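As structure tokens, the structure follows; a few thoughts come after it.
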Amino acid sequence: MDAKLIVDEVRLTPILISDPPLLNVQGVHQPYTPRLVVEVITRGGVSGLGETYGDGVYLDLARPLTETLRGRSVTDVNDLFALAEATDPTTGPTTDPAPGPTTDPAPGPGEASGVDAGGLRGVRTADKLRLSVVSAFETACLDALGKTLGLPVHALLGGKVRDTVEYSAYLFYRWATHPATGPVDDWGAALDPAGIVAQARRFDRAYGFRSFKLKGGVFPPEQEIAAIRALAEAFPGRPLRLDPNGAWSVETSLAVARELKDVLEYLEDPASGTDAMAEIAAGTEVPLATNMCVTTFEEVPEAFAKGAVEIVLCDHHYWGGLGRTRELAALCRTYGVGLSMHSNTHLGISLAAMTQVAATLPELHHACDTHYPWQSEDVVTTRPVFRAGRLTVSDAPGLGVELDRAALAALHRRWLDDDGSLRDRDDAAAMRVADPEWHTPKVPRW
Ligand code: GKR
Ligand code: MG
């Protein structure tokens with residue numbers, strides 16, 4: 001093995017990034033969201049970058065994995081899964097490598113139901129947490145490998161099939177300011193159809209996005225139907241999506257689908273659970289998409305057999321990296337299920353990884369989600385620029401981004417200075433700052 005490719009050092013930097021008061025079914029985004037930056041430094045002196053969720057549960061898994069990576073090659077990304085399992089302090093080494101359901105770790109803050117509090121990605125399991133950590137290590141290894149070989153990450157994944165990747169505008173109901181910390185941006189409030197249309201117009205002007213996704217599950221469905229109708233009127237013929245994160249019953253979902261069938265590109269996770277989704281799918285022509293009922297390979301057979309979803313939103317963080325995202329795409333292709341891409345709060349390292357893998361997926365026929373325009377801070381030296389709603393796929397070595405060390409240090413300082421209350425994302429707790437009576441609503445809420 002080429003000595004230049006051997007991992008010499010792995011650095012983990014937890015950070016807190018500024019986030020606007022975006023509303024969802026759980027509550028509201030905290031003023032700061034935790035992320036983790038992973039740097040893999042090779043003996044050749046090359047540094048590879050990865051980014052993932054930064055809550056304590058992820059850090060607890062990342063730290064022991066860091067130790068085992070030293071001395072291995074950045075080419076050995078397939079090994080990361082077994083290494084992560086063997087070093088997982090919540091499950092420990094296992095003698096049975098067969099895939100299967102794993103025990104949930106103890107619920108974190110705001111997770112009485114066992115549902116992921118910050119991710120809104122179905123039930124939280126030890127496997128999902130581990131894969132989200134592996135994804136950042138895999139990306140960092142591929143970035144280091146690409147930089148060493150002078151090749152973009154997409155070349156390491158088999159090559160790009162497009163030169164630009166399309167993204168959609170991610171519309172949120174939101175307040176103008178966080179109740180405790182004040183304004184973070186000049187977007188103002190959006191709490192009704194007019195506010196949502198104004199937000200969409202700004203996304204259209206500033207970034208040229210063609211598709212619009214509205215995060216729903218915040219207001220009663222009639223109000224969210226009105227917002228989608230207002231968008232359809234303001235932007236005739238443009239792809240529109242609505243995602244209440246599983247907040248509705250089957251009946252409500254079918255009623256919403258009936259109301260909006262002429263304007264929706266897809267309805268995302270209208271209800272919670274594969275059976276509910278299958279029942280809705282059987283009763284509507286509107287395609288159903290998900291990043292909640294199909295989030296692991298184990299969930300695929302049942303959901304596909306029941307026809308519960310027409311489109312799966314891939315996310316390299318969930319699925320264990322860029323290679324596994326391509327495996328998911330192959331499965332979707334095999335079963336005639338469409339592919340889109342999910343996003344949560346993220347920075348430029350994740351955006352670069354999303355763009356590199358999206359460039360290699362021929363069957364990606366929907367614009368990808370991204371939270372990125374909501375992020376005013378970053379740890380990369382150059383912010384990517386959306387033109388006509390698209391990002392150009394970088395052909396520079398690796399992911400094509402460089403770390404801004406001063407920015408990283410400042411955001412890490414914020415994490416160090418935090419009293420611990422914001423280090424685990426908890427949208428319900430953030431909501432209680434404004435409404436002390438708030439509890440994550442039981443679903444179906446409507
Ligand atoms: O950030 O509020 C949010 C989103 O609701 C996010 O948590 C979800 O994971 O965007 C996501 C989704 O599509 O469900
Ligand atoms: Mg979703």
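FYI, nothing fancy with the structure tokens labels: chains A, B, ... in order, residues from 1 per chain, ligands from 1 as they appear.
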Within 10 Å of ligand 2 (only C-alpha atoms and all ligand atoms), residues as a PyMOL selection string: chain A and resi 119-122+213-216+241-246+267-270+289-293+312-313+341-344+369
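Residues in contact range of A:His178, defined as at most 8 Å between only C-alpha atoms, with sequence neighbours fewer than 2 positions away removed, read Pro20, Pro21, Gln30, Pro31, Trp175, Ala176, Ala180, Thr181, Gly182, Pro183 and Val184 of chain A.
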File of the preceding selection, N, CA, C and O atoms, as a JSON list (two decimals), in the first residue's frame:
[["chain", "number", "residue", "atom", "x", "y", "z"],
["A", 20, "PRO", "N", -31.59, 29.71, 11.48],
["A", 20, "PRO", "CA", -32.76, 30.57, 11.69],
["A", 20, "PRO", "C", -33.92, 29.82, 12.37],
["A", 20, "PRO", "O", -33.90, 28.59, 12.42],
["A", 21, "PRO", "N", -34.92, 30.55, 12.85],
["A", 21, "PRO", "CA", -36.04, 29.90, 13.54],
["A", 21, "PRO", "C", -37.03, 29.27, 12.57],
["A", 21, "PRO", "O", -38.13, 29.77, 12.34],
["A", 30, "GLN", "N", -33.18, 25.34, 16.77],
["A", 30, "GLN", "CA", -32.43, 26.08, 17.81],
["A", 30, "GLN", "C", -31.66, 27.22, 17.14],
["A", 30, "GLN", "O", -31.38, 27.14, 15.94],
["A", 31, "PRO", "N", -31.26, 28.23, 17.90],
["A", 31, "PRO", "CA", -30.42, 29.29, 17.30],
["A", 31, "PRO", "C", -29.09, 28.74, 16.76],
["A", 31, "PRO", "O", -28.50, 29.32, 15.86],
["A", 175, "TRP", "N", -40.27, 32.23, 12.04],
["A", 175, "TRP", "CA", -40.37, 33.50, 12.72],
["A", 175, "TRP", "C", -39.27, 34.42, 12.19],
["A", 175, "TRP", "O", -38.31, 33.96, 11.58],
["A", 176, "ALA", "N", -39.44, 35.72, 12.50],
["A", 176, "ALA", "CA", -38.40, 36.66, 12.09],
["A", 176, "ALA", "C", -37.16, 36.48, 12.95],
["A", 176, "ALA", "O", -36.02, 36.62, 12.48],
["A", 180, "ALA", "N", -35.08, 34.04, 22.16],
["A", 180, "ALA", "CA", -34.09, 34.40, 23.18],
["A", 180, "ALA", "C", -32.90, 35.16, 22.61],
["A", 180, "ALA", "O", -32.26, 35.94, 23.32],
["A", 181, "THR", "N", -32.59, 34.95, 21.34],
["A", 181, "THR", "CA", -31.31, 35.50, 20.86],
["A", 181, "THR", "C", -31.45, 36.58, 19.79],
["A", 181, "THR", "O", -30.46, 37.16, 19.37],
["A", 182, "GLY", "N", -32.66, 36.83, 19.30],
["A", 182, "GLY", "CA", -32.85, 37.92, 18.34],
["A", 182, "GLY", "C", -32.61, 37.50, 16.90],
["A", 182, "GLY", "O", -32.45, 36.32, 16.60],
["A", 183, "PRO", "N", -32.59, 38.50, 15.98],
["A", 183, "PRO", "CA", -32.54, 38.20, 14.54],
["A", 183, "PRO", "C", -31.22, 37.57, 14.12],
["A", 183, "PRO", "O", -30.16, 37.91, 14.63],
["A", 184, "VAL", "N", -31.30, 36.61, 13.17],
["A", 184, "VAL", "CA", -30.08, 36.04, 12.61],
["A", 184, "VAL", "C", -29.96, 36.40, 11.13],
["A", 184, "VAL", "O", -28.90, 36.23, 10.54]]
One-decimal distance in Å that lies between atom CA of A:Asp19 and atom CA of A:Pro34: 9.9 Å
Residues flagged strand (DSSP E or B) by DSSP in stretch 269-421 of chain A, as a list in words: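 Of stretch 269-421 of chain A, only Ala271, Leu288, Ala289, Thr290, Ile311, Val312, Leu313, Cys314, Gly338, Leu339, Ser340, Met341, Leu364, Cys368, Val380, Arg387, Arg390, Leu391, Thr392, Gly398 and Leu403 of chain A fall in strand (DSSP E or B).
Closest approach to ligand 1 among A:Val38, A:Ala169, A:Ala352, A:Leu364 is made by A:Ala169 (distances from only C-alpha atoms and all ligand atoms).
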